[in-house]
>>> print(open('target08.txt').read())   # compact mmCIF, C-alpha atoms
# COMPACT_ATOMS: atom_id res chain seq x y z
CA MET A 247 -34.24 19.69 9.42
CA SER A 248 -31.20 19.45 7.17
CA THR A 249 -30.75 16.62 4.69
CA PRO A 250 -27.94 14.22 5.68
CA GLN A 251 -24.93 14.15 3.42
CA ARG A 252 -24.54 10.87 1.55
CA ILE A 253 -21.26 8.97 1.80
CA LEU A 254 -20.62 6.10 -0.58
CA LEU A 255 -18.60 3.53 1.39
CA ALA A 256 -16.97 0.84 -0.75
CA ASP A 257 -15.16 -2.15 0.78
CA ASP A 258 -15.52 -5.85 0.03
CA HIS A 259 -15.47 -6.85 3.71
CA GLU A 260 -18.84 -6.32 5.40
CA ILE A 261 -17.37 -6.14 8.89
CA VAL A 262 -15.00 -3.37 7.76
CA ARG A 263 -17.83 -1.44 6.11
CA ASP A 264 -19.99 -1.70 9.22
CA GLY A 265 -17.14 -0.50 11.41
CA LEU A 266 -16.32 2.43 9.13
CA ALA A 267 -19.99 3.31 8.78
CA ALA A 268 -20.30 3.50 12.57
CA HIS A 269 -17.23 5.73 12.78
CA LEU A 270 -18.52 8.00 10.01
CA ARG A 271 -21.88 8.42 11.72
CA MET A 272 -20.02 9.54 14.83
CA LEU A 273 -18.39 12.29 12.76
CA GLY A 274 -21.58 13.87 11.41
CA ASP A 275 -25.10 13.52 10.09
CA PHE A 276 -24.29 11.14 7.25
CA GLU A 277 -26.32 8.65 5.25
CA ILE A 278 -24.12 5.69 4.30
CA VAL A 279 -24.49 3.95 0.94
CA HIS A 280 -22.71 0.59 0.74
CA ALA A 281 -20.75 -0.96 -2.15
CA TRP A 282 -18.54 -4.04 -2.18
CA SER A 283 -17.14 -4.29 -5.73
CA LEU A 284 -16.37 -2.05 -8.69
CA ALA A 285 -19.76 -2.83 -10.24
CA THR A 286 -21.71 -1.92 -7.10
CA LEU A 287 -19.50 1.15 -6.57
CA LEU A 288 -20.20 2.54 -10.05
CA ALA A 289 -23.90 1.70 -9.80
CA ALA A 290 -24.26 3.44 -6.43
CA ALA A 291 -22.34 6.49 -7.63
CA ALA A 292 -24.68 6.82 -10.61
CA ALA A 293 -27.92 6.30 -8.69
CA PRO A 294 -29.95 9.41 -7.77
CA PRO A 295 -29.88 11.53 -5.72
CA GLY A 296 -26.11 11.08 -5.88
CA CYS A 297 -23.46 11.09 -3.17
CA ASP A 298 -21.38 13.83 -1.59
CA LEU A 299 -18.28 11.72 -0.97
CA ALA A 300 -16.88 8.28 -1.82
CA VAL A 301 -14.67 6.37 0.61
CA VAL A 302 -13.13 3.60 -1.46
CA ASP A 303 -10.94 0.56 -0.82
CA VAL A 304 -8.71 0.14 -3.88
CA HIS A 305 -8.38 -3.63 -3.42
CA MET A 306 -11.96 -4.78 -4.06
CA PRO A 307 -13.15 -7.26 -6.72
CA GLY A 308 -13.02 -5.68 -10.16
CA MET A 309 -10.77 -2.80 -9.17
CA ASP A 310 -7.81 -4.21 -11.16
CA GLY A 311 -5.26 -2.14 -9.31
CA GLY A 312 -5.97 1.50 -10.07
CA GLN A 313 -8.15 0.89 -13.15
CA GLY A 314 -11.40 0.73 -11.17
CA LEU A 315 -10.56 3.90 -9.29
CA ALA A 316 -9.75 5.60 -12.60
CA ALA A 317 -13.15 4.53 -13.95
CA LEU A 318 -14.92 6.05 -10.92
CA CYS A 319 -12.99 9.32 -11.18
CA ALA A 320 -13.62 9.56 -14.93
CA ALA A 321 -17.37 8.87 -14.68
CA HIS A 322 -17.94 11.08 -11.62
CA ALA A 323 -15.30 13.80 -11.73
CA ALA A 324 -17.18 16.02 -9.26
CA LEU A 325 -17.37 13.31 -6.60
CA PRO A 326 -14.55 13.72 -4.05
CA VAL A 327 -12.80 10.47 -3.14
CA ILE A 328 -10.98 9.26 -0.04
CA ILE A 329 -8.88 6.15 -0.64
CA ILE A 330 -8.69 3.68 2.24
CA SER A 331 -6.40 0.68 2.39
CA GLY A 332 -5.06 -1.85 4.84
CA ALA A 333 -2.16 -2.82 2.58
CA ALA A 334 1.37 -2.40 3.86
CA ARG A 335 2.45 -1.02 0.46
CA LEU A 336 0.65 1.22 -2.01
CA PRO A 337 2.93 1.30 -5.07
CA ARG A 338 0.54 3.43 -7.16
CA VAL A 339 0.02 6.15 -4.57
CA ALA A 340 1.92 8.75 -6.64
CA GLU A 341 -0.42 8.14 -9.58
CA TRP A 342 -3.57 8.29 -7.45
CA ARG A 343 -2.51 11.56 -5.85
CA ARG A 344 -2.40 13.25 -9.26
CA TRP A 345 -6.11 12.64 -9.87
CA PRO A 346 -8.22 15.72 -8.99
CA SER A 347 -11.03 13.62 -7.46
CA VAL A 348 -8.74 12.06 -4.84
CA ARG A 349 -8.63 14.27 -1.74
CA ALA A 350 -6.95 11.99 0.81
CA ILE A 351 -5.43 8.55 1.38
CA VAL A 352 -6.03 6.94 4.77
CA HIS A 353 -4.77 3.67 6.23
CA LYS A 354 -7.40 1.48 7.88
CA SER A 355 -5.44 1.38 11.12
CA SER A 356 -5.35 5.18 11.36
CA PRO A 357 -6.84 6.95 14.38
CA MET A 358 -10.26 8.60 14.19
CA ALA A 359 -8.68 12.06 13.96
CA GLN A 360 -7.21 11.20 10.55
CA LEU A 361 -10.53 9.98 9.22
CA ARG A 362 -12.22 13.14 10.49
CA ALA A 363 -9.58 15.35 8.88
CA ALA A 364 -9.90 13.50 5.58
CA VAL A 365 -13.71 13.71 5.55
CA ASP A 366 -13.69 17.41 6.46
CA LEU A 367 -11.15 18.10 3.70
CA ALA A 368 -13.10 16.17 1.08
CA LEU A 369 -16.52 17.59 1.93
CA ALA A 370 -15.14 21.15 1.91
CA ARG A 371 -14.66 20.61 -1.85
CA THR A 372 -11.71 22.98 -1.81
CA PRO A 373 -9.27 22.13 -4.61
CA VAL A 374 -5.98 20.75 -3.29
CA ALA A 375 -2.68 20.69 -5.19
CA VAL A 376 -1.61 17.40 -3.58
CA PRO A 377 -4.06 15.13 -1.73
CA GLU A 378 -3.29 14.42 1.91
CA LEU A 379 -1.48 11.16 2.63
CA PHE A 380 -2.51 10.36 6.18
CA ALA A 381 -0.11 7.81 7.66
CA LEU A 382 0.92 8.46 11.25
CA PRO A 383 3.50 6.38 13.13
CA GLN A 384 0.64 4.61 14.94
CA ALA A 385 -0.17 2.82 11.68
CA GLN A 386 2.32 -0.02 12.10
CA ALA A 387 1.55 -1.54 8.71
CA TRP A 388 2.93 1.60 7.08
CA GLY A 389 6.08 1.94 9.11
CA ASP A 390 8.03 1.33 12.28
CA ALA A 391 6.80 3.72 14.97
CA ASP A 392 10.17 4.29 16.66
CA ALA A 393 11.93 4.94 13.35
CA LEU A 394 9.31 7.38 12.09
CA ALA A 395 9.15 9.15 15.45
CA ALA A 396 12.84 10.04 15.03
CA LEU A 397 12.05 11.99 11.85
CA SER A 398 10.30 15.28 11.22
CA PRO A 399 6.82 14.92 9.65
CA ARG A 400 8.18 15.88 6.21
CA LEU A 401 11.10 13.46 6.43
CA ALA A 402 8.71 10.73 7.58
CA GLN A 403 6.57 11.32 4.47
CA VAL A 404 9.61 10.96 2.22
CA ALA A 405 10.76 7.83 4.06
CA GLN A 406 7.33 6.22 3.70
CA ALA A 407 7.12 7.12 0.02
CA VAL A 408 10.49 5.47 -0.64
CA ALA A 409 9.51 2.41 1.41
CA GLN A 410 6.39 2.08 -0.74
CA GLY A 411 8.62 1.70 -3.79
CA LEU A 412 8.48 5.23 -5.24
CA SER A 413 11.51 6.57 -7.10
CA ASN A 414 12.94 9.95 -6.10
CA GLN A 415 11.10 11.53 -9.02
CA GLN A 416 7.78 9.88 -8.10
CA ALA A 417 8.18 10.82 -4.43
CA ALA A 418 8.91 14.41 -5.44
CA GLN A 419 5.76 14.57 -7.58
CA ALA A 420 3.62 12.95 -4.89
CA LEU A 421 4.81 15.25 -2.11
CA GLY A 422 5.12 18.49 -4.08
CA LEU A 423 8.91 18.66 -3.70
CA SER A 424 11.81 18.98 -6.11
CA GLU A 425 13.78 15.84 -6.91
CA GLY A 426 16.89 17.49 -5.46
CA THR A 427 15.08 18.12 -2.18
CA VAL A 428 14.04 14.47 -1.99
CA LYS A 429 17.67 13.39 -2.51
CA GLN A 430 18.82 15.68 0.29
CA TYR A 431 16.02 14.52 2.58
CA LEU A 432 17.03 10.90 1.94
CA LYS A 433 20.58 11.67 3.05
CA ASP A 434 19.17 13.19 6.24
CA ILE A 435 16.91 10.16 6.75
CA PHE A 436 19.74 7.66 6.22
CA ARG A 437 21.96 9.54 8.68
CA THR A 438 19.23 9.89 11.33
CA LEU A 439 18.11 6.26 11.16
CA GLY A 440 21.57 4.76 10.73
CA VAL A 441 20.85 3.01 7.43
CA ALA A 442 23.00 2.97 4.33
CA ASN A 443 20.51 2.73 1.46
CA ARG A 444 16.89 2.47 0.33
CA THR A 445 16.76 -1.28 0.90
CA GLN A 446 17.80 -0.98 4.54
CA LEU A 447 15.36 1.91 5.02
CA THR A 448 12.50 -0.17 3.62
CA LEU A 449 13.37 -3.12 5.85
CA LEU A 450 13.51 -0.85 8.89
CA LEU A 451 10.12 0.71 8.16
CA LEU A 452 8.64 -2.76 7.65
CA GLY A 453 9.77 -3.66 11.15
CA GLN A 454 12.62 -5.92 10.05
CA LYS A 455 16.28 -5.73 11.04
CA PRO A 456 18.19 -3.95 8.26
CA GLY A 457 20.82 -6.07 6.62
CA GLY A 458 22.09 -7.11 3.23
CA GLU A 459 23.57 -4.33 1.17
>>> encode(input="target08.txt", output="structure tokens")
Amino acid sequence: MSTPQRILLADDHEIVRDGLAAHLRMLGDFEIVHAWSLATLLAAAAAPPGCDLAVVDVHMPGMDGGQGLAALCAAHAALPVIIISGAARLPRVAEWRRWPSVRAIVHKSSPMAQLRAAVDLALARTPVAVPELFALPQAQAWGDADALAALSPRLAQVAQAVAQGLSNQQAAQALGLSEGTVKQYLKDIFRTLGVANRTQLTLLLLGQKPGGE
């Protein structure tokens, strides 16, 4: 009988942890280790026999933005990490995606298929140049479904990155593109969605009527 893989699940809301734990057990033979703050996350990661994967909410007590995540990645560099968040905006996503430990970023409203893909990617322990940013149109908190459906998957990624507050340079780094390509993609996005600038694009993806500039 094989030993279950251990997944460290960190979220400060018990009901969210229980729901995610149930979903994870449906995906495979996993033992779930719970944490609900930076202190409990670091303690669980250090406790033997160790964990095979950490699924971490970046907005828990003690996380201090990305500082807590940085502490986890520094102390346990070999532990693959999936970031989960229910926030509508993730302004530090470009920074997080440059850390080798981070394998994927998943929104809490994402379908099961995204969680499965992220877990499979992380547990494969195959180095990735740029971690996956899973954010499908179904995740309303990360964008307007009709607007994103009008774009190709690559254009939708650029649109979401800009709506999260990334500059062209940061979006290029996060998505593995050149800055010139991002600029051209933005022109295509503006034309397709009928918006004039980044502000109107952001308002549209947040489900508001574009206006202003």
>>> closest_residue(input="target08.txt", among="A:Ile351, A:Cys297, A:Ala267, A:Met309", to="Ser331 of chain A", atoms="only C-alpha atoms")
A:Ile351
>>> residues_around(input="target08.txt", residues="Trp342 of chain A", least_positions_apart="4", cutoff="9 Å", atoms="only C-alpha atoms", output="PDB file with C-alpha atoms, keeping the file's coordinate frame")
ATOM      1  CA  GLY A 312      -5.970   1.500 -10.070  1.00  0.00           C
ATOM      2  CA  LEU A 315     -10.560   3.900  -9.290  1.00  0.00           C
ATOM      3  CA  ALA A 316      -9.750   5.600 -12.600  1.00  0.00           C
ATOM      4  CA  ILE A 329      -8.880   6.150  -0.640  1.00  0.00           C
ATOM      5  CA  ARG A 338       0.540   3.430  -7.160  1.00  0.00           C
ATOM      6  CA  PRO A 346      -8.220  15.720  -8.990  1.00  0.00           C
ATOM      7  CA  VAL A 348      -8.740  12.060  -4.840  1.00  0.00           C
ATOM      8  CA  PRO A 377      -4.060  15.130  -1.730  1.00  0.00           C
ATOM      9  CA  ALA A 420       3.620  12.950  -4.890  1.00  0.00           C
TER      10      ALA A 420
END
>>> residues_around(input="target08.txt", residues="Leu270 of chain A", least_positions_apart="4", cutoff="9 Å", atoms="all atoms listed in the file", output="number ranges by chain")
A: 253, 265-266, 274-276, 278, 361-362, 365
>>> atom_distance(input="target08.txt", atom1="atom CA of Ser283 of chain A", atom2="atom CA of Ala363 of chain A")
25.6 Å
>>> residues_near_point(input="target08.txt", point="(15.7, 9.3, 7.4)", cutoff="10 Å", atoms="only C-alpha atoms", output="PDB file with C-alpha atoms, keeping the file's coordinate frame")
ATOM      1  CA  ALA A 393      11.930   4.940  13.350  1.00  0.00           C
ATOM      2  CA  LEU A 394       9.310   7.380  12.090  1.00  0.00           C
ATOM      3  CA  ALA A 396      12.840  10.040  15.030  1.00  0.00           C
ATOM      4  CA  LEU A 397      12.050  11.990  11.850  1.00  0.00           C
ATOM      5  CA  SER A 398      10.300  15.280  11.220  1.00  0.00           C
ATOM      6  CA  LEU A 401      11.100  13.460   6.430  1.00  0.00           C
ATOM      7  CA  ALA A 402       8.710  10.730   7.580  1.00  0.00           C
ATOM      8  CA  GLN A 403       6.570  11.320   4.470  1.00  0.00           C
ATOM      9  CA  VAL A 404       9.610  10.960   2.220  1.00  0.00           C
ATOM     10  CA  ALA A 405      10.760   7.830   4.060  1.00  0.00           C
ATOM     11  CA  GLN A 406       7.330   6.220   3.700  1.00  0.00           C
ATOM     12  CA  TYR A 431      16.020  14.520   2.580  1.00  0.00           C
ATOM     13  CA  LEU A 432      17.030  10.900   1.940  1.00  0.00           C
ATOM     14  CA  LYS A 433      20.580  11.670   3.050  1.00  0.00           C
ATOM     15  CA  ASP A 434      19.170  13.190   6.240  1.00  0.00           C
ATOM     16  CA  ILE A 435      16.910  10.160   6.750  1.00  0.00           C
ATOM     17  CA  PHE A 436      19.740   7.660   6.220  1.00  0.00           C
ATOM     18  CA  ARG A 437      21.960   9.540   8.680  1.00  0.00           C
ATOM     19  CA  THR A 438      19.230   9.890  11.330  1.00  0.00           C
ATOM     20  CA  LEU A 439      18.110   6.260  11.160  1.00  0.00           C
ATOM     21  CA  GLY A 440      21.570   4.760  10.730  1.00  0.00           C
ATOM     22  CA  VAL A 441      20.850   3.010   7.430  1.00  0.00           C
ATOM     23  CA  ARG A 444      16.890   2.470   0.330  1.00  0.00           C
ATOM     24  CA  LEU A 447      15.360   1.910   5.020  1.00  0.00           C
TER      25      LEU A 447
END
>>> closest_residue(input="target08.txt", among="A:Val352, A:Ala268, A:Ala418, A:Leu273", to="Ile330 of chain A", atoms="all atoms listed in the file")
A:Val352
>>> residues_around(input="target08.txt", residues="Ala368 of chain A", least_positions_apart="6", cutoff="8 Å", atoms="all atoms listed in the file", output="compact mmCIF listing (two decimals) with C-alpha atoms, keeping the file's coordinate frame")
# COMPACT_ATOMS: atom_id res chain seq x y z
CA LEU A 299 -18.28 11.72 -0.97
CA PRO A 326 -14.55 13.72 -4.05
CA VAL A 327 -12.80 10.47 -3.14
CA ILE A 328 -10.98 9.26 -0.04
CA ARG A 349 -8.63 14.27 -1.74
CA ALA A 350 -6.95 11.99 0.81
>>> decode(input="target08.txt", residues="segment 299-310 of chain A", atoms="all heavy atoms", output="compact mmCIF listing (two decimals), in the first residue's frame")
# COMPACT_ATOMS: atom_id res chain seq x y z
N LEU A 299 3.62 19.19 -1.03
CA LEU A 299 3.05 20.35 -1.72
C LEU A 299 2.42 21.27 -0.69
O LEU A 299 1.85 20.80 0.30
CB LEU A 299 1.99 19.89 -2.73
CG LEU A 299 1.08 20.94 -3.37
CD1 LEU A 299 1.89 21.90 -4.24
CD2 LEU A 299 -0.02 20.28 -4.20
N ALA A 300 2.51 22.57 -0.93
CA ALA A 300 1.82 23.55 -0.09
C ALA A 300 0.83 24.33 -0.94
O ALA A 300 1.19 24.83 -2.01
CB ALA A 300 2.81 24.50 0.57
N VAL A 301 -0.41 24.40 -0.48
CA VAL A 301 -1.45 25.19 -1.13
C VAL A 301 -1.74 26.33 -0.17
O VAL A 301 -2.26 26.11 0.93
CB VAL A 301 -2.71 24.36 -1.40
CG1 VAL A 301 -3.78 25.22 -2.07
CG2 VAL A 301 -2.37 23.15 -2.29
N VAL A 302 -1.40 27.56 -0.56
CA VAL A 302 -1.32 28.66 0.40
C VAL A 302 -2.15 29.86 -0.02
O VAL A 302 -2.03 30.36 -1.15
CB VAL A 302 0.16 29.11 0.57
CG1 VAL A 302 0.26 30.24 1.57
CG2 VAL A 302 1.03 27.94 0.98
N ASP A 303 -2.98 30.35 0.91
CA ASP A 303 -3.67 31.62 0.74
C ASP A 303 -2.70 32.72 1.16
O ASP A 303 -2.14 32.68 2.25
CB ASP A 303 -4.92 31.64 1.63
CG ASP A 303 -5.73 32.92 1.48
OD1 ASP A 303 -5.34 33.79 0.69
OD2 ASP A 303 -6.74 33.06 2.19
N VAL A 304 -2.52 33.71 0.31
CA VAL A 304 -1.53 34.76 0.59
C VAL A 304 -2.07 35.85 1.50
O VAL A 304 -1.34 36.78 1.85
CB VAL A 304 -1.00 35.40 -0.71
CG1 VAL A 304 -0.14 34.42 -1.47
CG2 VAL A 304 -2.16 35.90 -1.57
N HIS A 305 -3.34 35.76 1.90
CA HIS A 305 -3.94 36.80 2.72
C HIS A 305 -4.35 36.27 4.10
O HIS A 305 -5.45 36.54 4.58
CB HIS A 305 -5.15 37.42 2.00
CG HIS A 305 -4.80 38.10 0.72
ND1 HIS A 305 -4.00 39.22 0.67
CD2 HIS A 305 -5.10 37.79 -0.56
CE1 HIS A 305 -3.84 39.58 -0.59
NE2 HIS A 305 -4.49 38.74 -1.36
N MET A 306 -3.46 35.53 4.73
CA MET A 306 -3.69 35.02 6.08
C MET A 306 -3.01 35.92 7.10
O MET A 306 -2.12 36.71 6.75
CB MET A 306 -3.12 33.60 6.23
CG MET A 306 -3.75 32.55 5.38
SD MET A 306 -3.10 30.92 5.84
CE MET A 306 -1.35 31.14 5.56
N PRO A 307 -3.37 35.80 8.39
CA PRO A 307 -2.66 36.55 9.43
C PRO A 307 -1.16 36.28 9.41
O PRO A 307 -0.73 35.13 9.32
CB PRO A 307 -3.30 36.02 10.72
CG PRO A 307 -4.68 35.62 10.31
CD PRO A 307 -4.54 35.05 8.93
N GLY A 308 -0.39 37.35 9.46
CA GLY A 308 1.06 37.23 9.49
C GLY A 308 1.73 37.20 8.14
O GLY A 308 2.96 37.31 8.05
N MET A 309 0.95 37.10 7.07
CA MET A 309 1.56 36.97 5.74
C MET A 309 2.18 38.28 5.27
O MET A 309 3.13 38.26 4.48
CB MET A 309 0.52 36.48 4.73
CG MET A 309 0.05 35.05 4.97
SD MET A 309 1.38 33.82 4.80
CE MET A 309 1.47 33.67 3.02
N ASP A 310 1.63 39.41 5.72
CA ASP A 310 2.21 40.73 5.40
C ASP A 310 2.46 40.86 3.90
O ASP A 310 3.59 41.08 3.44
CB ASP A 310 3.51 40.93 6.18
CG ASP A 310 4.05 42.35 6.04
OD1 ASP A 310 3.25 43.25 5.74
OD2 ASP A 310 5.27 42.55 6.21
